[in-house]
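Engineer: Coordinates in structure.txt, compact mmCIF, C-alpha atoms and all ligand atoms, are listed below.
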```
# COMPACT_ATOMS: atom_id res chain seq x y z
CA MET A 13 0.00 0.00 0.00
CA ALA A 14 1.17 3.51 -0.83
CA GLU A 15 2.24 5.74 2.01
CA LYS A 16 -0.70 6.88 4.12
CA ALA A 17 -1.94 10.45 3.84
CA LYS A 18 -1.42 12.53 6.97
CA ILE A 19 -4.50 14.29 8.33
CA ALA A 20 -4.96 17.06 10.89
CA ILE A 21 -8.46 17.38 12.34
CA LEU A 22 -9.76 20.68 13.71
CA ILE A 23 -12.51 20.57 16.33
CA SER A 24 -14.22 22.94 18.72
CA GLY A 25 -16.35 20.58 20.75
CA ARG A 26 -17.33 17.01 21.38
CA GLY A 27 -15.45 15.63 18.39
CA SER A 28 -17.58 12.63 17.52
CA ASN A 29 -16.71 12.92 13.81
CA MET A 30 -13.07 13.20 14.80
CA ALA A 31 -13.48 9.98 16.81
CA ALA A 32 -15.07 8.26 13.79
CA MET A 33 -12.01 9.17 11.68
CA VAL A 34 -9.58 8.16 14.45
CA TYR A 35 -11.20 4.72 14.72
CA ALA A 36 -11.39 4.31 10.94
CA ALA A 37 -7.67 5.09 10.75
CA LYS A 38 -6.91 2.17 13.07
CA SER A 39 -7.74 -0.27 10.32
CA SER A 40 -4.57 -1.31 8.49
CA ASP A 41 -6.12 -0.74 5.06
CA CYS A 42 -7.26 2.81 5.86
CA PRO A 43 -5.31 5.13 3.51
CA TYR A 44 -4.78 7.86 6.13
CA ASP A 45 -3.30 8.49 9.57
CA ILE A 46 -4.49 11.15 11.97
CA VAL A 47 -1.35 13.05 12.96
CA LEU A 48 -2.92 15.95 14.87
CA VAL A 49 -6.16 17.01 16.53
CA ALA A 50 -6.21 20.76 17.08
CA SER A 51 -8.74 23.11 18.61
CA ASN A 52 -9.44 26.77 19.28
CA ASP A 53 -10.79 25.67 22.66
CA PRO A 54 -8.36 24.02 25.12
CA ASP A 55 -11.37 22.53 26.95
CA ALA A 56 -12.90 20.86 23.89
CA PRO A 57 -13.90 17.38 25.11
CA GLY A 58 -12.63 15.82 21.87
CA LEU A 59 -9.04 16.73 22.77
CA LYS A 60 -9.08 14.34 25.75
CA LEU A 61 -10.30 11.51 23.58
CA ALA A 62 -7.56 12.17 21.00
CA GLU A 63 -4.91 12.25 23.74
CA ALA A 64 -6.15 8.96 25.15
CA GLU A 65 -5.77 7.47 21.68
CA GLY A 66 -2.14 8.61 21.58
CA ILE A 67 -2.69 11.33 18.98
CA ALA A 68 -0.80 14.62 19.19
CA THR A 69 -3.06 17.51 20.18
CA PHE A 70 -2.76 21.27 20.00
CA ALA A 71 -4.99 24.02 21.36
CA HIS A 72 -4.81 27.76 21.15
CA PRO A 73 -7.70 30.02 22.21
CA HIS A 74 -8.72 32.65 19.68
CA LYS A 75 -9.73 35.21 22.30
CA GLY A 76 -8.07 38.60 21.77
CA LEU A 77 -6.44 37.57 18.48
CA THR A 78 -7.31 38.70 15.00
CA ARG A 79 -8.70 35.97 12.77
CA GLU A 80 -5.51 36.05 10.68
CA THR A 81 -3.22 35.72 13.70
CA HIS A 82 -5.16 32.81 15.17
CA ASP A 83 -5.40 31.04 11.80
CA GLY A 84 -1.65 31.56 11.40
CA ILE A 85 -0.98 29.85 14.73
CA MET A 86 -3.21 26.91 13.77
CA HIS A 87 -1.58 26.72 10.34
CA ASP A 88 1.92 26.55 11.84
CA ALA A 89 0.86 23.74 14.19
CA ILE A 90 -0.68 21.79 11.30
CA VAL A 91 2.43 22.20 9.14
CA ALA A 92 4.67 21.17 12.06
CA SER A 93 2.63 17.96 12.44
CA GLY A 94 3.44 17.01 8.84
CA ALA A 95 -0.25 16.94 7.86
CA GLU A 96 -1.06 17.17 4.17
CA TYR A 97 -4.81 17.52 4.65
CA VAL A 98 -7.06 19.33 7.10
CA ALA A 99 -10.42 17.82 8.07
CA LEU A 100 -12.78 20.24 9.82
CA ALA A 101 -15.07 18.42 12.22
CA GLY A 102 -17.28 20.83 14.12
CA TYR A 103 -14.64 23.58 14.02
CA MET A 104 -16.75 26.60 14.90
CA ARG A 105 -14.59 29.28 13.36
CA ILE A 106 -14.96 31.22 10.15
CA LEU A 107 -11.62 30.82 8.39
CA SER A 108 -9.64 33.68 6.91
CA ASP A 109 -9.19 33.73 3.13
CA GLY A 110 -5.44 33.33 3.56
CA PHE A 111 -5.84 30.11 5.56
CA VAL A 112 -8.35 28.69 3.08
CA ARG A 113 -6.04 29.53 0.18
CA LYS A 114 -3.09 27.74 1.82
CA TRP A 115 -5.15 24.53 2.03
CA THR A 116 -6.94 24.72 -1.33
CA ASP A 117 -8.08 21.22 -2.38
CA HIS A 118 -6.55 19.92 0.86
CA MET A 119 -9.24 20.90 3.35
CA ILE A 120 -12.62 19.25 3.76
CA ASN A 121 -15.60 19.75 6.03
CA ILE A 122 -18.79 17.98 7.04
CA HIS A 123 -22.04 19.90 7.16
CA PRO A 124 -25.37 18.58 8.50
CA SER A 125 -27.57 19.31 5.49
CA LEU A 126 -27.93 18.28 1.88
CA LEU A 127 -25.90 21.16 0.45
CA PRO A 128 -26.54 23.52 -1.27
CA LYS A 129 -29.60 23.55 1.02
CA TYR A 130 -29.31 25.09 4.48
CA LYS A 131 -25.82 26.49 4.76
CA GLY A 132 -24.86 27.87 8.18
CA LEU A 133 -26.56 26.95 11.46
CA ASP A 134 -29.90 25.49 12.56
CA THR A 135 -30.02 23.14 9.58
CA TYR A 136 -32.30 20.51 11.17
CA GLN A 137 -35.11 22.87 12.18
CA ARG A 138 -34.95 24.61 8.83
CA ALA A 139 -35.37 21.27 7.01
CA ILE A 140 -38.31 20.32 9.27
CA ASP A 141 -39.95 23.74 8.92
CA ALA A 142 -39.66 23.56 5.15
CA GLY A 143 -41.62 20.28 5.22
CA ASP A 144 -38.75 18.35 3.61
CA SER A 145 -39.09 14.58 3.58
CA VAL A 146 -35.32 14.07 3.69
CA ALA A 147 -32.44 15.82 5.38
CA GLY A 148 -28.85 14.60 5.50
CA CYS A 149 -25.19 15.49 5.56
CA SER A 150 -22.57 16.55 3.04
CA VAL A 151 -18.80 16.36 2.90
CA HIS A 152 -17.35 19.18 0.82
CA LEU A 153 -14.09 20.86 -0.06
CA VAL A 154 -13.58 24.11 1.81
CA THR A 155 -13.53 27.32 -0.21
CA ALA A 156 -13.61 30.94 0.93
CA GLU A 157 -17.44 31.04 0.94
CA LEU A 158 -19.03 29.37 4.00
CA ASP A 159 -20.35 25.81 3.32
CA ASP A 160 -20.03 26.44 -0.39
CA GLY A 161 -17.17 24.30 -1.79
CA PRO A 162 -17.67 21.38 -4.20
CA VAL A 163 -19.62 18.54 -2.59
CA LEU A 164 -17.70 15.26 -2.53
CA ALA A 165 -20.42 13.03 -1.08
CA GLN A 166 -23.80 13.15 0.66
CA THR A 167 -26.05 10.85 2.65
CA GLU A 168 -29.81 11.34 2.72
CA VAL A 169 -31.57 10.76 6.04
CA ALA A 170 -35.38 10.44 6.09
CA ILE A 171 -37.27 12.89 8.30
CA LEU A 172 -39.81 11.08 10.51
CA PRO A 173 -43.24 12.65 11.15
CA ASP A 174 -42.51 13.16 14.86
CA ASP A 175 -38.89 14.35 14.44
CA ASP A 176 -37.71 17.43 16.23
CA ALA A 177 -34.34 19.09 15.62
CA ASP A 178 -32.63 16.94 18.28
CA SER A 179 -33.93 13.58 17.14
CA LEU A 180 -33.12 14.42 13.52
CA ALA A 181 -29.64 15.69 14.49
CA SER A 182 -28.78 12.50 16.30
CA ARG A 183 -29.82 10.35 13.34
CA ILE A 184 -27.89 12.53 10.90
CA LEU A 185 -24.87 12.20 13.19
CA ILE A 186 -24.92 8.42 12.67
CA ALA A 187 -24.84 9.05 8.93
CA GLU A 188 -22.01 11.58 9.37
CA HIS A 189 -19.87 9.01 11.17
CA GLN A 190 -20.20 6.68 8.19
CA LEU A 191 -19.82 9.30 5.50
CA TYR A 192 -16.88 11.35 6.72
CA PRO A 193 -14.21 8.62 7.19
CA ALA A 194 -15.22 6.91 3.92
CA THR A 195 -15.22 10.12 1.87
CA LEU A 196 -11.88 11.17 3.32
CA ALA A 197 -10.41 7.77 2.34
CA LYS A 198 -11.72 8.13 -1.20
CA TYR A 199 -10.51 11.69 -1.50
CA VAL A 200 -6.92 11.08 -0.38
CA THR A 201 -6.60 8.17 -2.82
CA ARG A 202 -8.26 9.97 -5.74
CA GLU A 203 -4.98 10.22 -7.66
CA ALA A 204 -4.96 6.44 -8.01
CA ASP A 205 -8.59 6.30 -9.18
CA PRO A 206 -8.72 5.84 -12.99
CA ASP A 207 -12.08 7.68 -13.22
CA TRP A 208 -10.68 10.71 -11.42
CA ILE A 209 -7.57 10.69 -13.62
CA LEU A 210 -9.68 10.43 -16.77
CA THR A 211 -11.77 13.42 -15.64
CA GLN A 212 -8.59 15.46 -15.16
CA ILE A 213 -7.35 14.61 -18.66
CA ARG A 214 -10.75 15.21 -20.23
CA GLU A 215 -11.08 18.69 -18.68
CA ARG A 216 -7.66 19.72 -19.95
CA ALA A 217 -8.03 18.19 -23.42
CA LEU A 218 -11.47 19.70 -24.02
CA ALA A 219 -10.29 23.11 -22.79
CA LEU A 220 -8.22 23.37 -25.99
CA GLU A 221 -9.82 24.94 -29.00
CA GLU A 222 -12.09 22.95 -31.36
CA THR A 223 -11.65 19.65 -29.60
CA HIS A 224 -14.02 16.74 -29.06
CA GLU A 225 -13.83 13.31 -27.49
CA ARG A 226 -14.06 10.09 -29.47
CA THR A 227 -13.38 6.54 -28.37
CA SER A 228 -10.73 4.72 -30.36
CA PHE A 229 -10.52 0.94 -29.98
CA GLY A 230 -12.18 1.25 -26.57
CA ALA A 231 -9.85 4.02 -25.31
CA PRO A 232 -11.08 7.58 -24.77
CA GLY A 233 -9.33 9.89 -27.23
CA TRP A 234 -9.43 13.60 -28.06
CA ARG A 235 -9.38 15.14 -31.52
CA VAL A 236 -8.93 18.63 -32.86
CA GLY A 237 -10.80 19.92 -35.90
CA SER A 238 -14.25 19.11 -37.16
CA LYS A 239 -16.17 15.97 -36.20
CA THR A 240 -15.54 14.53 -39.67
CA THR A 241 -11.94 15.50 -40.42
CA GLY A 242 -10.58 15.98 -36.87
CA LYS A 243 -7.28 14.38 -35.87
CA TYR A 244 -6.37 12.67 -32.59
CA PHE A 245 -3.92 14.50 -30.35
CA ALA A 246 -4.34 12.39 -27.18
CA TYR A 247 -5.45 8.98 -25.95
CA PHE A 248 -6.11 7.69 -22.46
CA ALA A 249 -4.55 4.25 -22.13
CA GLN A 250 -5.52 1.92 -19.33
CA SER A 251 -3.74 -1.44 -19.02
CA HIS A 252 -2.71 -1.01 -22.60
CA HIS A 253 -0.74 -3.88 -24.11
CA GLY A 254 0.55 -4.86 -20.67
CA GLU A 255 2.43 -1.59 -20.27
CA ALA A 256 2.07 0.85 -17.37
CA SER A 257 -1.48 0.57 -16.10
CA ILE A 258 -2.57 4.14 -16.83
CA ALA A 259 -0.94 6.54 -19.27
CA LEU A 260 -1.63 9.52 -21.51
CA LEU A 261 -0.48 9.23 -25.12
CA VAL A 262 0.39 12.48 -26.87
CA LYS A 263 2.31 13.47 -29.97
CA THR A 264 5.68 15.20 -29.62
CA ALA A 265 7.46 17.23 -32.30
CA GLY A 266 9.21 14.08 -33.50
CA LEU A 267 11.52 11.21 -32.66
CA ASP A 268 14.31 13.46 -31.32
CA LYS A 269 11.95 15.13 -28.88
CA GLN A 270 10.47 11.78 -27.92
CA SER A 271 13.86 10.26 -27.04
CA ALA A 272 15.01 13.43 -25.24
CA LEU A 273 11.98 13.24 -22.94
CA ILE A 274 12.46 9.53 -22.26
CA ASP A 275 16.17 10.08 -21.49
CA ALA A 276 15.32 12.97 -19.16
CA ASP A 277 12.74 11.00 -17.13
CA PRO A 278 12.51 7.29 -17.96
CA GLU A 279 10.25 6.67 -14.95
CA LEU A 280 7.63 9.02 -16.39
CA TYR A 281 7.87 8.57 -20.17
CA TYR A 282 8.05 5.59 -22.48
CA ALA A 283 7.63 4.89 -26.19
CA PRO A 284 4.20 3.33 -26.65
CA LYS A 285 4.13 0.05 -28.54
CA PHE A 286 2.44 -0.07 -31.95
CA TYR A 287 2.92 3.64 -32.59
CA GLY A 288 6.00 3.10 -34.75
CA LYS A 289 8.46 5.91 -35.36
CA SER A 290 5.84 8.62 -35.07
CA GLY A 291 6.91 10.74 -32.12
CA TRP A 292 3.98 9.62 -29.97
CA ILE A 293 4.94 9.32 -26.33
CA ALA A 294 3.30 7.79 -23.26
CA ILE A 295 3.25 9.67 -19.96
CA ARG A 296 2.51 7.55 -16.92
CA LEU A 297 -0.39 8.80 -14.84
CA ASP A 298 -0.12 6.29 -12.03
CA THR A 299 3.06 7.50 -10.36
CA GLY A 300 1.17 9.37 -7.61
CA ARG A 301 3.15 12.50 -8.45
CA THR A 302 1.44 13.72 -11.60
CA ASP A 303 2.16 17.34 -12.38
CA TRP A 304 -1.11 18.46 -13.95
CA ASP A 305 0.31 21.70 -15.35
CA HIS A 306 2.90 19.64 -17.15
CA ILE A 307 0.17 17.36 -18.52
CA ALA A 308 -1.75 20.43 -19.73
CA SER A 309 1.30 21.75 -21.57
CA ARG A 310 2.04 18.33 -23.15
CA LEU A 311 -1.58 18.17 -24.35
CA TYR A 312 -1.20 21.65 -25.79
CA SER A 313 2.04 20.76 -27.64
CA SER A 314 0.35 17.69 -29.05
CA TRP A 315 -2.69 19.72 -30.08
CA CYS A 316 -0.31 22.13 -31.89
CA GLN A 317 1.22 19.19 -33.81
CA VAL A 318 -2.04 18.09 -35.35
CA ALA A 319 -4.35 21.14 -35.26
CA PRO A 320 -5.35 22.62 -38.64
CA LYS A 321 -3.12 25.50 -39.80
CA ARG A 322 -5.93 28.06 -39.43
CA LEU A 323 -5.97 27.41 -35.65
CA THR A 324 -2.23 27.29 -35.05
CA ARG A 325 -1.67 30.34 -37.25
CA MET A 326 -3.95 32.39 -35.01
CA ILE A 327 -2.00 31.24 -31.96
CA ALA A 328 1.33 32.10 -33.59
CA ILE A 329 -0.01 35.61 -34.16
CA ALA A 330 -1.43 35.90 -30.62
CA ASP A 331 1.91 34.75 -29.16
CA GLN A 332 3.60 37.79 -30.71
CA PHE A 333 1.62 40.13 -28.46
C1 LIG B 1 -21.66 17.95 13.31
O1 LIG B 1 -23.05 18.03 13.32
C2 LIG B 1 -21.13 18.41 11.99
O2 LIG B 1 -21.97 18.15 10.93
C3 LIG B 1 -21.01 19.89 12.17
O3 LIG B 1 -20.63 20.06 13.53
C4 LIG B 1 -21.02 18.93 14.28
C5 LIG B 1 -19.80 18.39 14.93
O4 LIG B 1 -20.08 17.36 15.84
N1 LIG B 1 -20.09 20.46 11.23
P1 LIG B 1 -18.89 16.53 16.47
O5 LIG B 1 -18.04 17.53 17.25
O6 LIG B 1 -18.13 15.91 15.36
O7 LIG B 1 -19.52 15.53 17.37
```
Give the structure from this file in C-alpha cells form.
Structural biologist:
Amino acid sequence: MAEKAKIAILISGRGSNMAAMVYAAKSSDCPYDIVLVASNDPDAPGLKLAEAEGIATFAHPHKGLTRETHDGIMHDAIVASGAEYVALAGYMRILSDGFVRKWTDHMINIHPSLLPKYKGLDTYQRAIDAGDSVAGCSVHLVTAELDDGPVLAQTEVAILPDDDADSLASRILIAEHQLYPATLAKYVTREADPDWILTQIRERALALEETHERTSFGAPGWRVGSKTTGKYFAYFAQSHHGEASIALLVKTAGLDKQSALIDADPELYYAPKFYGKSGWIAIRLDTGRTDWDHIASRLYSSWCQVAPKRLTRMIAIADQF
C-alpha cells in the first residue's frame, strides 16, 4: 500500500466525527493516519479523547487575536505535524481567506444538510420547517465562501413525522460518522482512481480549441478539428498492451523530442508500442506525483502538432503580443 496520507483534524467541541475518523484510521487498510487534533478551545472534550488514543493535540484560544493571527498559529501547528490535509469536524470558526487559500483542495468539512440547502446553522429545524421529507449530511471541499465548496459526497436521512431538531440531528450524526471517514479515504486516494484521472485529462483536453472526445478501440481519445476530419492529439490508455497501467499518449514534435523526454525522465515517459516511429509518447499517470500543469502543456504541444493550420496560425499571431 502507498504511504498513508497525513491528516490534521480541527474541532471545537465534542469531536464525535473526529473519533469516527480516528477509529477508521486504526484499520490497516485505511489510507490515512491522523497526525494531529487541534482546537481553538483548550477545553474541547474531543481533545481528551484524542490524547487517550495517543494522537498529538494542539490548542490555542482565539480570544483577543485577529482571525488572521489565530489562523496563522493553527496553520503553523498543522504544518509542524506534517499533515497534508485538514479535516474540519465541528470547528466553529470562520476561516480567513489566507488560511483557506493555503489549504486549497486539501481541506474538507462535514455539514449537517444536503448542500446547497441550508448552509450555516440550525439546519435541522430549517429542514423540518420547510416540510422536507429528507435531510442529510454533506462532505465538501472548503472554499472561501461558507459551506459552499464542491460537494464530494452526501447521505440522505429520512425525516420522521414526529422528528424534532434533536432527534433528527442524532440520526444525521450516525450518517455523518459513516460518511466522513469513507469520503476522506476516497478523496486522499483519488490520484490512483482511474475515473478521477480520466476526468482530469478530459477537462484539460477539451479546454483546448475545437476539440471533441471520441473513443478509439475502446480508449477515450481527443481530436482537434471538425467531427468529420478531426485528428487525434491524445489517448487515455488503461492497461494497454501490458504496459504501465494508466498513461496519456500524446504526440511530440518528433523522434528526437520523444527520445530526449524519455532520457530525461525514464520513470515518467516511455515509447508506446504499436505507434512506430511517429513521435507519440506515453506519460505515466499512475506515479502518484502527476504534475497536472505539465500534462496540460504536453496536451497543448500535441494539439499544436495536429491542429489545422488556421488554428495554429492564429495562436502564432497571438503569441507575438
Ligand atoms: C456535526 O453536526 C457536523 O456536521 C457539524 O458540527 C457537528 C460536529 O459534531 N459540522 P462533532 O463535534 O463531530 O460531534
Engineer: I'd like the neighbourhood of range 32-39 of chain A as a list in words, where a residue qualifies if any of its atoms comes within 6 Å (using only C-alpha atoms), though same-chain residues fewer than 6 positions away should be ignored.
Structural biologist: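 Residues near the query, excluding close chain neighbours: Asp45, His189 and Pro193 of chain A.
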Engineer: Can you tell me which residues come within 8 Å of ligand LIG 1 (chain B) when counting only C-alpha atoms and all ligand atoms, ideally as a ChimeraX atom specification?
Structural biologist: /A:23-31,58,100-104,121-125,149,181,184-185,188
Engineer: If we count only C-alpha atoms and set the cut-off at 12 Å, which residues sit around Thr299 in chain A, ignoring sequence neighbours fewer than 5 positions away in its own chain? Please answer as a list of chain:residue names.
Structural biologist: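 Listing them by chain and then by number gives A:Ala14, A:Glu203, A:Ala204, A:Asp205, A:Ile209, A:Ala256, A:Ser257, A:Ile258, A:Ala259, A:Glu279, A:Leu280, A:Tyr281.
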Engineer: So, counting all atoms listed in the file, which residue among A:Ser313, A:Lys75, A:Ile85, A:Ser93 is closest to Ala265 in chain A?
Structural biologist: A:Ser313
Engineer: For Val112 in chain A, which residue out of A:Ile19, A:Ile295, A:Ile274, A:Met86 is the nearest one, using only C-alpha atoms?
Structural biologist: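 Closest residue, counting only C-alpha atoms: A:Met86.
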Engineer: For a quick check of understanding, using only C-alpha atoms, which of A:Leu261, A:Leu220, A:Ala68, A:Ala276 has the smallest distance to Ser290 in chain A?
Structural biologist: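 When distances to Ser290 in chain A are compared using only C-alpha atoms, the smallest one comes from A:Leu261.
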Engineer: Using only C-alpha atoms, which protein or nucleic acid residues come within 12 Å of Asp141 in chain A? Drop anything in the same chain fewer than 3 positions from it, and give the result as an MDAnalysis selection string.
Structural biologist: chainID A and resid 130 134:138 144:147 171 173 175:177
